[in-house]
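A.B. asks: So I've got this file, upload-v1.cif, and it contains mmCIF, C-alpha atoms (C1' of nucleotides):
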```cif
data_query
#
loop_
_atom_site.label_atom_id
_atom_site.label_comp_id
_atom_site.auth_asym_id
_atom_site.auth_seq_id
_atom_site.Cartn_x
_atom_site.Cartn_y
_atom_site.Cartn_z
CA MET A 26 3.33 -9.10 -7.75
CA THR A 27 2.07 -7.44 -4.61
CA GLY A 28 5.22 -5.32 -4.72
CA VAL A 29 4.37 -3.97 -8.16
CA LEU A 30 0.75 -3.36 -7.22
CA TYR A 31 1.87 -1.58 -4.09
CA ALA A 32 4.35 0.56 -6.02
CA LEU A 33 1.56 1.61 -8.38
CA SER A 34 -0.93 2.31 -5.60
CA ASP A 35 0.47 5.70 -4.63
CA PRO A 36 -0.77 8.79 -6.49
CA VAL A 37 2.67 10.34 -6.78
CA ARG A 38 4.23 7.14 -8.07
CA LEU A 39 1.37 6.50 -10.47
CA ALA A 40 1.85 10.02 -11.82
CA ILE A 41 5.51 9.27 -12.41
CA VAL A 42 4.64 6.08 -14.27
CA LYS A 43 2.02 7.83 -16.39
CA HIS A 44 4.47 10.56 -17.35
CA LEU A 45 7.07 7.97 -18.28
CA ALA A 46 4.51 6.07 -20.31
CA GLU A 47 3.74 9.16 -22.38
CA ASP A 48 7.35 10.05 -23.01
CA GLY A 49 10.15 8.08 -21.41
CA GLY A 50 13.71 9.16 -20.84
CA LYS A 51 12.95 11.94 -18.40
CA ALA A 52 15.14 13.19 -15.57
CA CYS A 53 13.75 13.22 -12.03
CA GLY A 54 13.54 17.00 -11.92
CA THR A 55 11.18 17.25 -14.90
CA PHE A 56 8.12 15.77 -13.21
CA CYS A 57 6.70 18.74 -11.24
CA LEU A 58 5.74 16.50 -8.33
CA PRO A 59 3.93 18.00 -5.34
CA VAL A 60 6.52 16.73 -2.86
CA ALA A 61 10.01 17.63 -1.68
CA LYS A 62 12.88 16.24 -3.67
CA SER A 63 13.85 13.86 -0.89
CA THR A 64 10.33 12.45 -0.95
CA ALA A 65 10.43 12.22 -4.72
CA SER A 66 13.71 10.36 -4.46
CA HIS A 67 12.01 7.91 -2.11
CA HIS A 68 9.21 7.29 -4.62
CA PHE A 69 11.67 6.77 -7.46
CA ARG A 70 13.45 4.21 -5.35
CA VAL A 71 10.22 2.34 -4.56
CA LEU A 72 9.41 2.17 -8.25
CA ARG A 73 12.95 1.07 -9.07
CA GLU A 74 13.10 -1.64 -6.41
CA ALA A 75 9.69 -2.95 -7.51
CA GLY A 76 11.09 -3.33 -11.02
CA VAL A 77 8.75 -0.77 -12.54
CA ILE A 78 11.37 1.73 -13.71
CA GLN A 79 15.07 1.91 -14.29
CA MET A 80 17.36 4.88 -13.80
CA ARG A 81 20.41 5.57 -15.91
CA PRO A 82 22.91 8.18 -14.67
CA GLU A 83 23.76 10.83 -17.19
CA GLY A 84 25.82 13.76 -16.03
CA THR A 85 24.40 15.17 -12.85
CA GLN A 86 20.99 13.68 -13.42
CA TYR A 87 19.27 10.34 -13.77
CA ILE A 88 17.27 9.41 -16.84
CA ASN A 89 14.19 7.37 -15.93
CA SER A 90 12.41 4.90 -18.12
CA LEU A 91 9.65 2.38 -17.75
CA ARG A 92 10.67 -1.29 -17.74
CA ARG A 93 7.84 -2.15 -20.08
CA GLU A 94 9.22 -5.36 -21.54
CA ASP A 95 10.16 -6.85 -18.19
CA LEU A 96 6.79 -5.94 -16.72
CA ASP A 97 4.88 -7.27 -19.71
CA ALA A 98 6.82 -10.51 -19.48
CA ARG A 99 6.15 -10.99 -15.79
CA PHE A 100 2.64 -9.54 -15.62
CA PRO A 101 1.12 -9.52 -19.10
CA GLY A 102 -1.38 -6.74 -19.62
CA LEU A 103 -1.09 -5.32 -16.13
CA LEU A 104 0.70 -2.08 -16.95
CA ASP A 105 -1.43 -1.52 -20.03
CA SER A 106 -4.67 -1.91 -18.11
CA VAL A 107 -3.47 0.42 -15.37
CA LEU A 108 -2.40 3.06 -17.88
CA ARG A 109 -5.56 2.71 -19.94
CA ALA A 110 -7.85 2.90 -16.93
CA THR A 111 -6.20 6.01 -15.55
CA GLY A 112 -6.38 7.79 -18.87
CA PRO A 113 -3.93 10.40 -20.11
CA ILE A 114 -2.05 12.60 -17.71
CA MET B 16 -7.73 3.45 -9.13
CA THR B 17 -4.98 3.71 -6.56
CA GLY B 18 -7.51 2.39 -4.03
CA VAL B 19 -8.06 -0.80 -6.00
CA LEU B 20 -4.35 -1.29 -6.60
CA TYR B 21 -3.69 -0.77 -2.92
CA ALA B 22 -6.41 -3.23 -1.94
CA LEU B 23 -4.84 -5.84 -4.21
CA SER B 24 -1.30 -5.18 -2.99
CA ASP B 25 -1.59 -7.17 0.23
CA PRO B 26 -0.85 -10.93 0.14
CA VAL B 27 -3.81 -11.84 2.35
CA ARG B 28 -6.23 -9.76 0.33
CA LEU B 29 -4.85 -11.03 -2.96
CA ALA B 30 -5.36 -14.57 -1.68
CA ILE B 31 -8.98 -13.75 -0.90
CA VAL B 32 -9.49 -12.36 -4.38
CA LYS B 33 -7.88 -15.36 -6.01
CA HIS B 34 -10.07 -17.74 -4.04
CA LEU B 35 -13.16 -15.78 -5.00
CA ALA B 36 -12.08 -15.80 -8.64
CA GLU B 37 -11.88 -19.59 -8.64
CA ASP B 38 -15.21 -20.13 -6.97
CA GLY B 39 -17.26 -17.19 -5.77
CA GLY B 40 -19.98 -17.16 -3.16
CA LYS B 41 -17.83 -18.17 -0.24
CA ALA B 42 -18.34 -17.21 3.39
CA CYS B 43 -15.53 -15.45 5.26
CA GLY B 44 -14.76 -18.49 7.39
CA THR B 45 -13.95 -20.74 4.45
CA PHE B 46 -10.71 -19.08 3.42
CA CYS B 47 -8.14 -20.55 5.83
CA LEU B 48 -6.32 -17.25 6.13
CA PRO B 49 -3.15 -17.04 8.25
CA VAL B 50 -4.53 -14.22 10.41
CA ALA B 51 -6.97 -13.79 13.27
CA LYS B 52 -10.60 -13.36 12.36
CA SER B 53 -10.58 -9.70 13.40
CA THR B 54 -7.69 -9.12 11.02
CA ALA B 55 -9.47 -11.03 8.28
CA SER B 56 -12.52 -8.87 8.86
CA HIS B 57 -10.32 -5.83 8.35
CA HIS B 58 -9.05 -7.19 5.03
CA PHE B 59 -12.55 -7.99 3.84
CA ARG B 60 -13.56 -4.43 4.65
CA VAL B 61 -10.63 -2.97 2.70
CA LEU B 62 -11.60 -5.05 -0.32
CA ARG B 63 -15.25 -4.09 0.06
CA GLU B 64 -14.59 -0.37 0.42
CA ALA B 65 -12.27 -0.44 -2.59
CA GLY B 66 -15.12 -1.92 -4.62
CA VAL B 67 -13.36 -5.21 -5.26
CA ILE B 68 -15.82 -7.50 -3.50
CA GLN B 69 -19.34 -7.39 -2.15
CA MET B 70 -20.70 -9.15 0.91
CA ARG B 71 -24.23 -10.42 1.17
CA PRO B 72 -25.52 -11.42 4.62
CA GLU B 73 -27.02 -14.88 4.76
CA GLY B 74 -27.90 -16.25 8.15
CA THR B 75 -25.01 -15.80 10.51
CA GLN B 76 -22.48 -15.47 7.77
CA TYR B 77 -21.57 -13.25 4.85
CA ILE B 78 -21.33 -14.55 1.32
CA ASN B 79 -18.49 -12.88 -0.56
CA SER B 80 -18.26 -12.41 -4.28
CA LEU B 81 -16.00 -10.59 -6.68
CA ARG B 82 -17.44 -7.46 -8.30
CA ARG B 83 -16.11 -8.51 -11.66
CA GLU B 84 -18.46 -6.55 -13.88
CA ASP B 85 -18.03 -3.30 -12.00
CA LEU B 86 -14.26 -3.71 -11.97
CA ASP B 87 -14.11 -4.63 -15.64
CA ALA B 88 -16.20 -1.59 -16.46
CA ARG B 89 -14.04 0.81 -14.49
CA PHE B 90 -10.66 -0.79 -15.09
CA PRO B 91 -10.84 -3.02 -18.16
CA GLY B 92 -8.44 -5.93 -18.05
CA LEU B 93 -6.96 -5.05 -14.69
CA LEU B 94 -8.42 -7.86 -12.62
CA ASP B 95 -7.82 -10.38 -15.37
CA SER B 96 -4.17 -9.46 -15.71
CA VAL B 97 -3.67 -9.61 -11.96
CA LEU B 98 -5.32 -13.00 -11.70
CA ARG B 99 -3.51 -14.37 -14.72
CA ALA B 100 -0.11 -13.13 -13.55
CA THR B 101 -0.49 -14.63 -10.09
CA GLY B 102 -1.53 -17.98 -11.47
CA PRO B 103 -3.86 -20.45 -9.75
CA ILE B 104 -4.16 -20.60 -6.00
"C1'" DT C 6 39.24 26.19 -8.67
"C1'" DC C 7 34.78 27.72 -7.41
"C1'" DC C 8 29.97 27.36 -7.88
"C1'" DA C 9 25.51 25.68 -9.49
"C1'" DT C 10 22.79 21.66 -10.52
"C1'" DT C 11 20.99 17.12 -9.59
"C1'" DG C 12 19.73 13.65 -6.83
"C1'" DT C 13 20.88 10.65 -2.70
"C1'" DT C 14 21.23 9.66 2.17
"C1'" DC C 15 20.37 10.51 6.91
"C1'" DT C 16 17.31 11.60 10.61
"C1'" DA C 17 13.05 12.63 12.48
"C1'" DT C 18 8.08 12.88 12.74
"C1'" DG C 19 3.24 12.08 11.95
"C1'" DA C 20 0.01 9.14 9.78
"C1'" DT C 21 -1.38 4.85 8.24
"C1'" DT C 22 -1.50 -0.11 8.43
"C1'" DT C 23 -1.47 -4.68 10.17
"C1'" DA C 24 -2.15 -7.44 13.86
"C1'" DC C 25 -4.39 -9.49 17.95
"C1'" DG C 26 -7.64 -10.41 21.76
"C1'" DA C 27 -11.83 -9.32 24.06
"C1'" DA C 28 -16.34 -7.91 23.93
"C1'" DC C 29 -20.35 -7.44 21.19
"C1'" DA C 30 -24.47 -8.27 17.85
"C1'" DA C 31 -27.17 -11.23 14.97
"C1'" DT C 32 -28.81 -15.45 13.57
"C1'" DA C 33 -29.88 -20.39 13.74
"C1'" DG C 34 -30.78 -24.62 16.22
"C1'" DG C 35 -31.94 -27.42 20.11
"C1'" DC D 6 -34.60 -19.72 26.54
"C1'" DC D 7 -29.95 -21.14 26.09
"C1'" DT D 8 -26.02 -22.09 23.29
"C1'" DA D 9 -23.13 -22.24 19.27
"C1'" DT D 10 -21.73 -20.04 15.08
"C1'" DT D 11 -20.31 -16.11 12.34
"C1'" DG D 12 -18.44 -11.95 11.77
"C1'" DT D 13 -17.98 -6.97 13.47
"C1'" DT D 14 -16.21 -3.46 16.49
"C1'" DC D 15 -13.19 -1.61 19.93
"C1'" DG D 16 -8.83 -0.79 22.07
"C1'" DT D 17 -4.09 -1.26 21.56
"C1'" DA D 18 0.64 -2.40 20.19
"C1'" DA D 19 4.09 -2.87 16.61
"C1'" DA D 20 5.55 -2.03 12.14
"C1'" DT D 21 5.62 0.43 7.95
"C1'" DC D 22 5.23 4.46 5.12
"C1'" DA D 23 5.09 9.31 3.34
"C1'" DT D 24 6.96 13.50 4.19
"C1'" DA D 25 10.40 17.12 4.91
"C1'" DG D 26 14.85 19.38 5.95
"C1'" DA D 27 19.81 19.19 6.28
"C1'" DA D 28 23.99 17.42 4.86
"C1'" DC D 29 26.39 15.04 1.33
"C1'" DA D 30 28.38 13.32 -3.30
"C1'" DA D 31 29.01 13.77 -8.21
"C1'" DT D 32 29.07 16.14 -12.31
"C1'" DG D 33 29.59 20.09 -15.36
"C1'" DG D 34 30.43 24.88 -16.46
"C1'" DA D 35 32.51 29.46 -15.70
#
```
As structure tokens, how would this structure be written, given the file I've shared?
C.D. replies:
Amino acid sequence: MTGVLYALSDPVRLAIVKHLAEDGGKACGTFCLPVAKSTASHHFRVLREAGVIQMRPEGTQYINSLRREDLDARFPGLLDSVLRATGPI
Amino acid sequence: MTGVLYALSDPVRLAIVKHLAEDGGKACGTFCLPVAKSTASHHFRVLREAGVIQMRPEGTQYINSLRREDLDARFPGLLDSVLRATGPI
DNA sequence: TCCATTGTTCTATGATTTACGAACAATAGG
DNA sequence: CCTATTGTTCGTAAATCATAGAACAATGGA
């Protein structure tokens, strides 16, 4: 639980999650994040290891998606309330 | 938003919040936290500055309480989902 | 085969965080 | 006035984290 909350408590990572909530199935390079790609890779890993997202390799890139069902099963309503409170992108 | 999530992402602080959710109006010394009192004071401050709790001085001690209404107004459902997902103390 | 694209991994650095003890302030009680 | 209680603040040490650049691996296209 604390791991998920911590993963969501960073502005860059929360931006990633919000983008994925609007339209999933996006490659890492499509996020326009204000950090270097090595830093972005770090944030994707934190989200992945916290169980918030999953990454599927496809060609030279990774397709990211939110693990909505797993999160809703473990922490009902949490992701929804976070996304609703932060508003659209 | 990220400030609240961060405040809730520490085990000690989450324990404080859960205790206050069960029965509010408790002084700092009544929590049996596994840290020194200076460290506990730090955690109470993080929660206070994130807007999660409020502390009211009363004699030599501080009475803590959850800022439920403010939190529910700013982030509807967030605190409830966190408390529900973590279960009872 | 050669090159571009995509993202990871490694290493380093600066900032933040958690932790503790000691000293301090404020209050209450004797 | 003296002491105990409660919690804060200060100084510091250790750990963690965010960040970036360089090198690397894997894939796909020319």
A.B. asks: Against chain D, which residues of chain B fall within 12 Å? For each one I want the closest pair of atoms and the distance in Å (one decimal), counting all atoms listed in the file, rows by chain and increasing residue number, as a tab-separated table.
C.D. replies:
```
residue	atom	partner	partner_atom	distance
B:Ala42	CA	D:DT11	C1'	9.2
B:Cys43	CA	D:DG12	C1'	7.9
B:Gly44	CA	D:DT11	C1'	7.8
B:Thr45	CA	D:DT11	C1'	11.1
B:Ala51	CA	D:DG12	C1'	11.7
B:Lys52	CA	D:DG12	C1'	8.0
B:Ser53	CA	D:DT13	C1'	7.9
B:Thr54	CA	D:DT13	C1'	10.8
B:Ala55	CA	D:DG12	C1'	9.7
B:Ser56	CA	D:DG12	C1'	7.3
B:His57	CA	D:DT13	C1'	9.3
B:Phe59	CA	D:DG12	C1'	10.6
B:Arg60	CA	D:DT13	C1'	10.2
B:Met70	CA	D:DG12	C1'	11.4
B:Pro72	CA	D:DG12	C1'	10.1
B:Glu73	CA	D:DT11	C1'	10.2
B:Gly74	CA	D:DT11	C1'	8.7
B:Thr75	CA	D:DT11	C1'	5.1
B:Gln76	CA	D:DT11	C1'	5.1
B:Tyr77	CA	D:DG12	C1'	7.7
B:Ile78	CA	D:DG12	C1'	11.1
```
A.B. asks: Which residues of chain A are close to chain B, meaning at most 12 Å apart when you count all atoms listed in the file, and how do they look as a PDB file with C-alpha atoms, in the frame of the given file?
C.D. replies:
```
ATOM      1  CA  MET A  26       3.330  -9.100  -7.750  1.00  0.00           C
ATOM      2  CA  THR A  27       2.070  -7.440  -4.610  1.00  0.00           C
ATOM      3  CA  GLY A  28       5.220  -5.320  -4.720  1.00  0.00           C
ATOM      4  CA  VAL A  29       4.370  -3.970  -8.160  1.00  0.00           C
ATOM      5  CA  LEU A  30       0.750  -3.360  -7.220  1.00  0.00           C
ATOM      6  CA  TYR A  31       1.870  -1.580  -4.090  1.00  0.00           C
ATOM      7  CA  ALA A  32       4.350   0.560  -6.020  1.00  0.00           C
ATOM      8  CA  LEU A  33       1.560   1.610  -8.380  1.00  0.00           C
ATOM      9  CA  SER A  34      -0.930   2.310  -5.600  1.00  0.00           C
ATOM     10  CA  ASP A  35       0.470   5.700  -4.630  1.00  0.00           C
ATOM     11  CA  PRO A  36      -0.770   8.790  -6.490  1.00  0.00           C
ATOM     12  CA  VAL A  37       2.670  10.340  -6.780  1.00  0.00           C
ATOM     13  CA  ARG A  38       4.230   7.140  -8.070  1.00  0.00           C
ATOM     14  CA  LEU A  39       1.370   6.500 -10.470  1.00  0.00           C
ATOM     15  CA  ALA A  40       1.850  10.020 -11.820  1.00  0.00           C
ATOM     16  CA  LEU A  96       6.790  -5.940 -16.720  1.00  0.00           C
ATOM     17  CA  ASP A  97       4.880  -7.270 -19.710  1.00  0.00           C
ATOM     18  CA  ALA A  98       6.820 -10.510 -19.480  1.00  0.00           C
ATOM     19  CA  ARG A  99       6.150 -10.990 -15.790  1.00  0.00           C
ATOM     20  CA  PHE A 100       2.640  -9.540 -15.620  1.00  0.00           C
ATOM     21  CA  PRO A 101       1.120  -9.520 -19.100  1.00  0.00           C
ATOM     22  CA  GLY A 102      -1.380  -6.740 -19.620  1.00  0.00           C
ATOM     23  CA  LEU A 103      -1.090  -5.320 -16.130  1.00  0.00           C
ATOM     24  CA  LEU A 104       0.700  -2.080 -16.950  1.00  0.00           C
ATOM     25  CA  ASP A 105      -1.430  -1.520 -20.030  1.00  0.00           C
ATOM     26  CA  SER A 106      -4.670  -1.910 -18.110  1.00  0.00           C
ATOM     27  CA  VAL A 107      -3.470   0.420 -15.370  1.00  0.00           C
ATOM     28  CA  LEU A 108      -2.400   3.060 -17.880  1.00  0.00           C
ATOM     29  CA  ARG A 109      -5.560   2.710 -19.940  1.00  0.00           C
ATOM     30  CA  ALA A 110      -7.850   2.900 -16.930  1.00  0.00           C
ATOM     31  CA  THR A 111      -6.200   6.010 -15.550  1.00  0.00           C
ATOM     32  CA  GLY A 112      -6.380   7.790 -18.870  1.00  0.00           C
TER      33      GLY A 112
END
```
A.B. asks: Using all atoms listed in the file, I'd like a table of the residues in chain C that come within 9 Å of chain B; for each, show the closest atom pair and its distance in Å rounded to one decimal, ordered by chain and ascending number, as JSON lines.
C.D. replies:
```
{"residue": "C:DT23", "atom": "C1'", "partner": "B:Thr54", "partner_atom": "CA", "distance": 7.7}
{"residue": "C:DA24", "atom": "C1'", "partner": "B:Thr54", "partner_atom": "CA", "distance": 6.4}
{"residue": "C:DC25", "atom": "C1'", "partner": "B:Ala51", "partner_atom": "CA", "distance": 6.9}
{"residue": "C:DG26", "atom": "C1'", "partner": "B:Ser53", "partner_atom": "CA", "distance": 8.9}
{"residue": "C:DA31", "atom": "C1'", "partner": "B:Thr75", "partner_atom": "CA", "distance": 6.7}
{"residue": "C:DT32", "atom": "C1'", "partner": "B:Thr75", "partner_atom": "CA", "distance": 4.9}
{"residue": "C:DA33", "atom": "C1'", "partner": "B:Gly74", "partner_atom": "CA", "distance": 7.2}
```
A.B. asks: Between atom CA of A:Glu94 and atom CA of A:Leu58, what is the distance, to one decimal in Å?
C.D. replies: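 If I compute the distance from atom CA of A:Glu94 to atom CA of A:Leu58, I get 25.8 Å.
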A.B. asks: Distance atom CA of A:Arg93-atom CA of A:Arg73, one decimal place?
C.D. replies: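 Atom CA of A:Arg73 lies 12.6 Å from atom CA of A:Arg93.
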A.B. asks: Record the distance separating atom CA of B:Lys41 and atom CA of B:Ile104, expressed in Å with one decimal.
C.D. replies: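 Distance between the two atoms: 15.0 Å.
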